[in-house]
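Read through the structure below, which is laid out as structure tokens, and then see the notes.
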Amino acid sequence: MKRYLLLAMLLWGFRINVFSEVDKVLVLSSYGTDYQWSNSIADVICRELKAEFPNIEFSREFLSSEFLDNADTWGDKVSVLLANYRKNPPLAIVLISDEAWMAYQDADFADFQNVPLLLCAVKPHTICTQTLDYCQKSLRLSHFKPTLEVMKKYNATGVLRAMNTSGYLTLMNNLIPNLDRFTFITDGRFYGIYTRLLLEQEVKRSYPSIPVDYLDARSITTDSLLRKLPEITPTTGVLLTSWLTGDHGFEYSKEHVYSQMELDLQAPIFITNNIGLDKEYFVGGYFNTSSFWGKRTADQLIQILRGKSPRQIETMVEYDEQCRIAWKVFERYKLDKDNLPANTMFYNYPQSFFSTYKYYIIVGSVLLVIFVLFYLYTLRSNIKLHSAQRLLLQSVAATEKANTELKATHEELTKALHKAEESDRLKSAFLANMSHEIRTPLNAIVGFSGVIADMESKDERMEFAELIHRNSDLLLHLISDILDESKIEVGMLELHFEKVDALEISLHVIAALQDKCAQGVALSLHPSCTSMSLYTDPNRLMQLLNNLVSNAMKFTREGAITVGYFPYGDEQVEFFVEDTGIGIPEDKHGDIFERFTKLDSYVEGTGLGLSICKTIVELLGGTIGVSSEPGKGSRFWFRIPKKQ
């Protein structure tokens, strides 16, 4: 204890105590500065926090519990760390993992009684540091208390981690042929001891006939462990929590110990977290990623910073349901893929040619389609222009033949010139709109496709792939609008009438667009809607609803979007899409149905959607309109006949 108090005095003496008087959030990690798992969680929390509150300062402190001898000294260190924040207490304190939570309970936090506390990846059971120290080699689950009960003493909430012990054992039993023994490798930290006790309980309940070996750092050294590994047979299910041992620093580096385990064992090693997966030492197991814990905690933190009390936020207990497997290790041990859970995620899974180059194929195809469409549109415009010029020459020749036809010829010439000018104006408007609208998603697709292969994190690759997918959808939607506008202009838009159900069409549209709404926006069907038969073109009706709902989604950031319909008289049915978006000024109600009209040039789109809707409704024999008030929302409607 004296030795640690001396360390505390040194930390107090040399630490810089001058903190800027700005709002801050404090994150206290259970581990040291080089512990990747907790650092990744803190990085995600920081990123999510800065996106919502860019002016809030993000402070990190490290308990480094893996390097401290006695658990009952953790509280003293946390007291020293917290002392530096007394003049400017943080808006909230985040505790990552169990040791930080246990240490906080022992710390002097009188000045922080009202500071909101968030627990991240803490287990559903906890124990005091004194019991952990003095009963370490004889701990039982009865020594632990429910974390939710202990949290009631604090202004706290959090995201707790429930270990999937039954999942680990079932996974090994399914994958290891002729399984005849379990071996559990656990260190002397809280995580290792707690997991061993859970596994011991689960084996007795589910696999009482299978013998178990416990390689526990409380009773054996690292050298003894490495000597025992070659004796383990291939029919043994081996599960590792982690192996961090040593009183004043570790005997060997984590990298050395884990690589040696993989070399010495004849059986694959299953794990309860992501250690060694990037190096392909271990086969995998059930666990959630650091990004998962970071995002869940950040969501709760943002709610608190917006004024919500921690006691108003439900503490979440997240179960490790996701099985994650390192594919190359899995293949090296010739395990059977059919015995894996259905939702298994693979690291470094080999991809097909199309999967590997699909983004390049998509971009190339899109560019080709754009080039062909642009060429066809330009060719058509040139034909119209040449036609106008030909009419002009014919008119001039006609005036030379007969002065009596001068007036008629002049009027015809004027019309032809106006037609040519309108064609040229439309071409210029098209190019002006398309050069920006097409370039925006295309730049995103090309840019992210160029860097996605260099991303080491699967989460980042998935995020970039989603961005590419979303921009590809946008580009395809732009091209679809251009094709429909071209068909309308040349009178080639075809209608195919059949008997349809308005309810089925509406539900299909909502299901297709549900996931594309902004966070906080609910897309729903009007509750009074029931089945209604009508005779119309189902594809064009679906296109109308799709366009109106997509338009509402662009301008609605919170609230709701409602789709509905009802009989309008005896002969017609009225469909409507109502939103709580920004609304439309009254003097613009008539303009929005014109081609290339955009009230907000910063919102994606061609300005053709409502124009296309108007044309389709008129072809169906109906009418379309809008009622809107700025700041309160809009209601777009169209009425079409029930029968043709």
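Residues in the structure tokens are numbered from 1 in each chain, the chains being A, B, ... in the order shown, and ligands are numbered from 1 in the order shown.
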So which residues touch A:Gly625 within 7 Å, counting only C-alpha atoms, skipping near sequence neighbours fewer than 6 positions away, as a list in words?
-> Phe636, Trp637 and Phe638 of chain A
Requested write-out: C-alpha atoms of the selected residues, as a PDB file, in the first residue's frame:
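The result, written out as result_20.pdb:
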```
ATOM      1  CA  PHE A 636     -49.289  15.572 -51.741  1.00  0.00           C
ATOM      2  CA  TRP A 637     -52.394  13.910 -53.250  1.00  0.00           C
ATOM      3  CA  PHE A 638     -53.599  12.505 -56.532  1.00  0.00           C
TER       4      PHE A 638
END
```
Any idea what's packed within 12 Å of A:Lys516, counting only C-alpha atoms, ignoring anything in its chain fewer than 2 positions away? Could you give it as an NGL selection string?
-> :A and (466 or 470 or 473-474 or 509-514 or 518-523 or 546 or 549-554 or 556-557)
Could you dump the residues just selected with C-alpha atoms as a short mmCIF file (atom, residue, chain, number, x, y, z; two decimals), in the first residue's frame?
```cif
data_model
loop_
_atom_site.label_atom_id
_atom_site.label_comp_id
_atom_site.auth_asym_id
_atom_site.auth_seq_id
_atom_site.Cartn_x
_atom_site.Cartn_y
_atom_site.Cartn_z
CA GLU A 466 -22.99 0.83 -47.79
CA ARG A 470 -26.51 4.03 -51.52
CA ASP A 473 -29.06 3.43 -55.96
CA LEU A 474 -29.17 7.22 -56.32
CA VAL A 509 -43.98 0.77 -51.16
CA ILE A 510 -43.62 1.19 -47.38
CA ALA A 511 -41.66 -2.06 -47.03
CA ALA A 512 -39.26 -1.03 -49.82
CA LEU A 513 -38.56 2.44 -48.39
CA GLN A 514 -38.82 1.79 -44.61
CA ALA A 518 -33.72 9.30 -41.65
CA GLN A 519 -33.21 8.27 -38.03
CA GLY A 520 -36.18 9.50 -35.99
CA VAL A 521 -38.63 9.49 -38.91
CA ALA A 522 -41.48 6.92 -38.93
CA LEU A 523 -42.93 5.74 -42.27
CA ASN A 546 -42.44 5.73 -54.55
CA VAL A 549 -42.57 9.10 -50.44
CA SER A 550 -38.93 9.51 -51.60
CA ASN A 551 -39.57 13.24 -52.07
CA ALA A 552 -40.99 13.47 -48.53
CA MET A 553 -37.95 11.59 -47.10
CA LYS A 554 -35.57 14.20 -48.56
CA THR A 556 -38.27 15.28 -43.39
CA ARG A 557 -35.61 14.91 -40.67
#
```
Pick the closest to A:Glu66 from A:Pro341, A:Pro350, A:Gly192, A:Pro146: which is it, counting only C-alpha atoms?
-> A:Gly192
Among stretch 46-188 of chain A, which residues carry a DSSP assignment of alpha helix (DSSP H), reported as a PyMOL selection string?
-> chain A and resi 46-52+74-83+98-106+129-134+147-151+165-175
Convert the current residue selection to file output with N, CA and C atoms, as a short mmCIF file (atom, residue, chain, number, x, y, z; two decimals), in the first residue's frame.
```
data_model
loop_
_atom_site.label_atom_id
_atom_site.label_comp_id
_atom_site.auth_asym_id
_atom_site.auth_seq_id
_atom_site.Cartn_x
_atom_site.Cartn_y
_atom_site.Cartn_z
N CYS A 46 -15.83 8.63 -29.04
CA CYS A 46 -15.36 9.99 -29.36
C CYS A 46 -15.91 10.44 -30.71
N ARG A 47 -15.83 9.54 -31.71
CA ARG A 47 -16.31 9.90 -33.06
C ARG A 47 -17.80 10.23 -33.04
N GLU A 48 -18.61 9.38 -32.39
CA GLU A 48 -20.04 9.61 -32.33
C GLU A 48 -20.37 10.87 -31.54
N LEU A 49 -19.63 11.10 -30.45
CA LEU A 49 -19.85 12.29 -29.62
C LEU A 49 -19.55 13.56 -30.40
N LYS A 50 -18.40 13.60 -31.09
CA LYS A 50 -17.99 14.80 -31.84
C LYS A 50 -18.96 15.11 -32.97
N ALA A 51 -19.58 14.07 -33.53
CA ALA A 51 -20.53 14.31 -34.61
C ALA A 51 -21.75 15.08 -34.11
N GLU A 52 -22.13 14.87 -32.86
CA GLU A 52 -23.29 15.55 -32.28
C GLU A 52 -22.91 16.82 -31.52
N TRP A 74 -6.74 -0.05 -6.69
CA TRP A 74 -7.30 0.59 -7.89
C TRP A 74 -8.05 1.87 -7.53
N GLY A 75 -8.81 1.81 -6.44
CA GLY A 75 -9.59 2.97 -6.05
C GLY A 75 -8.73 4.18 -5.76
N ASP A 76 -7.54 3.95 -5.15
CA ASP A 76 -6.63 5.06 -4.86
C ASP A 76 -6.17 5.73 -6.15
N LYS A 77 -5.87 4.91 -7.16
CA LYS A 77 -5.41 5.50 -8.42
C LYS A 77 -6.52 6.29 -9.09
N VAL A 78 -7.75 5.75 -9.07
CA VAL A 78 -8.86 6.48 -9.67
C VAL A 78 -9.12 7.78 -8.92
N SER A 79 -8.94 7.77 -7.58
CA SER A 79 -9.11 9.01 -6.80
C SER A 79 -8.12 10.06 -7.26
N VAL A 80 -6.88 9.65 -7.52
CA VAL A 80 -5.85 10.58 -7.99
C VAL A 80 -6.25 11.14 -9.37
N LEU A 81 -6.73 10.23 -10.25
CA LEU A 81 -7.12 10.68 -11.60
C LEU A 81 -8.30 11.65 -11.54
N LEU A 82 -9.30 11.34 -10.70
CA LEU A 82 -10.47 12.20 -10.60
C LEU A 82 -10.15 13.55 -9.98
N ALA A 83 -9.12 13.60 -9.11
CA ALA A 83 -8.78 14.87 -8.45
C ALA A 83 -8.45 15.96 -9.45
N ASP A 98 -14.88 -4.03 -16.36
CA ASP A 98 -15.20 -4.26 -14.96
C ASP A 98 -14.24 -3.61 -13.98
N GLU A 99 -12.93 -3.63 -14.27
CA GLU A 99 -11.97 -3.11 -13.30
C GLU A 99 -12.19 -1.62 -13.03
N ALA A 100 -12.49 -0.85 -14.08
CA ALA A 100 -12.75 0.58 -13.88
C ALA A 100 -14.00 0.78 -13.02
N TRP A 101 -15.02 -0.04 -13.22
CA TRP A 101 -16.26 0.04 -12.42
C TRP A 101 -15.98 -0.32 -10.97
N MET A 102 -15.20 -1.38 -10.74
CA MET A 102 -14.88 -1.78 -9.37
C MET A 102 -14.04 -0.71 -8.67
N ALA A 103 -13.07 -0.14 -9.42
CA ALA A 103 -12.21 0.89 -8.85
C ALA A 103 -13.00 2.14 -8.51
N TYR A 104 -13.96 2.51 -9.36
CA TYR A 104 -14.75 3.72 -9.12
C TYR A 104 -15.53 3.60 -7.81
N GLN A 105 -15.99 2.39 -7.49
CA GLN A 105 -16.74 2.19 -6.25
C GLN A 105 -15.86 2.43 -5.02
N ASP A 106 -14.53 2.19 -5.17
CA ASP A 106 -13.62 2.40 -4.04
C ASP A 106 -13.07 3.81 -4.00
N THR A 129 -13.35 -5.13 -4.66
CA THR A 129 -11.92 -5.38 -4.86
C THR A 129 -11.30 -6.15 -3.71
N GLN A 130 -11.79 -5.92 -2.48
CA GLN A 130 -11.22 -6.64 -1.34
C GLN A 130 -11.48 -8.14 -1.45
N THR A 131 -12.71 -8.50 -1.83
CA THR A 131 -13.02 -9.92 -2.00
C THR A 131 -12.21 -10.53 -3.13
N LEU A 132 -12.05 -9.76 -4.24
CA LEU A 132 -11.26 -10.25 -5.36
C LEU A 132 -9.82 -10.53 -4.95
N ASP A 133 -9.25 -9.69 -4.08
CA ASP A 133 -7.87 -9.87 -3.62
C ASP A 133 -7.73 -11.03 -2.65
N TYR A 134 -8.55 -11.03 -1.61
CA TYR A 134 -8.33 -11.96 -0.49
C TYR A 134 -8.97 -13.33 -0.69
N THR A 147 -24.93 -6.68 -10.88
CA THR A 147 -24.46 -5.32 -11.19
C THR A 147 -25.61 -4.32 -11.16
N LEU A 148 -26.79 -4.72 -11.65
CA LEU A 148 -27.94 -3.82 -11.68
C LEU A 148 -28.33 -3.36 -10.27
N GLU A 149 -28.15 -4.24 -9.27
CA GLU A 149 -28.47 -3.86 -7.90
C GLU A 149 -27.47 -2.84 -7.38
N VAL A 150 -26.18 -3.06 -7.66
CA VAL A 150 -25.14 -2.14 -7.18
C VAL A 150 -25.29 -0.78 -7.85
N MET A 151 -25.70 -0.76 -9.12
CA MET A 151 -25.83 0.50 -9.87
C MET A 151 -26.87 1.43 -9.26
N THR A 165 -21.84 -18.46 -22.52
CA THR A 165 -21.09 -19.68 -22.17
C THR A 165 -21.68 -20.92 -22.85
N SER A 166 -23.00 -20.99 -22.92
CA SER A 166 -23.60 -22.16 -23.57
C SER A 166 -23.26 -22.18 -25.06
N GLY A 167 -23.18 -20.99 -25.67
CA GLY A 167 -22.83 -20.90 -27.08
C GLY A 167 -21.42 -21.39 -27.35
N TYR A 168 -20.45 -21.02 -26.47
CA TYR A 168 -19.07 -21.47 -26.66
C TYR A 168 -18.99 -23.00 -26.64
N LEU A 169 -19.66 -23.59 -25.63
CA LEU A 169 -19.58 -25.05 -25.48
C LEU A 169 -20.27 -25.77 -26.63
N THR A 170 -21.44 -25.25 -27.04
CA THR A 170 -22.16 -25.86 -28.16
C THR A 170 -21.34 -25.77 -29.45
N LEU A 171 -20.69 -24.64 -29.66
CA LEU A 171 -19.88 -24.45 -30.86
C LEU A 171 -18.74 -25.46 -30.91
N MET A 172 -18.05 -25.66 -29.79
CA MET A 172 -16.95 -26.63 -29.75
C MET A 172 -17.48 -28.05 -29.94
N ASN A 173 -18.61 -28.34 -29.31
CA ASN A 173 -19.18 -29.68 -29.41
C ASN A 173 -19.59 -30.00 -30.86
N ASN A 174 -20.08 -28.98 -31.59
CA ASN A 174 -20.52 -29.19 -32.97
C ASN A 174 -19.35 -29.30 -33.95
N LEU A 175 -18.24 -28.59 -33.67
CA LEU A 175 -17.16 -28.51 -34.64
C LEU A 175 -16.04 -29.52 -34.41
#
```
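Among the candidates A:Leu244, A:Cys128, A:Asn382, A:His496, the one nearest to A:Tyr31 when counting only C-alpha atoms is A:Leu244.
Nearest residue to A:Leu117, choosing from A:Lys145, A:Lys279, A:Lys152, A:His526 and counting only C-alpha atoms: A:Lys152.
Minimum atom-to-atom distances from A:Thr580, A:Gln322, A:Asn288, A:Ser253 to A:Asp34 were compared using only C-alpha atoms, and the lowest value belongs to A:Ser253.
If only C-alpha atoms are the atoms counted, then among A:Leu197, A:Val500, A:Val563, A:Val212 the closest residue to A:Pro527 is A:Val563.
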Pick out the residues sitting within 10 Å of stretch 323-334 of chain A, and hand them over as number ranges by chain; count only C-alpha atoms, and ignore anything fewer than 3 positions along from it in its own chain.
-> A: 167-168, 171, 175-176, 234, 262, 266-274, 276-289, 320, 337, 340-350
Find the residues near A:Thr530: any atom within 12 Å, counting only C-alpha atoms, skip ones fewer than 5 places away on the same chain, and give them as a PyMOL selection string.
-> chain A and resi 501-507+525+564-567
Grab the atom CA of A:Glu494 to atom CA of A:Met532 distance for me, in Å with one decimal place.
->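 Distance between the two atoms: 24.1 Å.
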Selection: 12 Å around A:Arg306, only C-alpha atoms, excl. self and same-chain fewer than 5 positions, as number ranges by chain = A: 49, 52-53, 91-92, 299-301
Contact residues around A:His589 with only C-alpha atoms at 12 Å, ignoring same-chain residues under 2 positions, as a list of chain:residue names | A:Gly583, A:Ile584, A:Pro585, A:Glu586, A:Asp587, A:Asp591, A:Ile592, A:Phe593, A:Glu594, A:Thr597, A:Lys598, A:Leu599, A:Leu610, A:Ile624, A:Gly625, A:Val626, A:Ser627, A:Ser628, A:Glu629, A:Pro630, A:Ser634, A:Arg635, A:Phe636
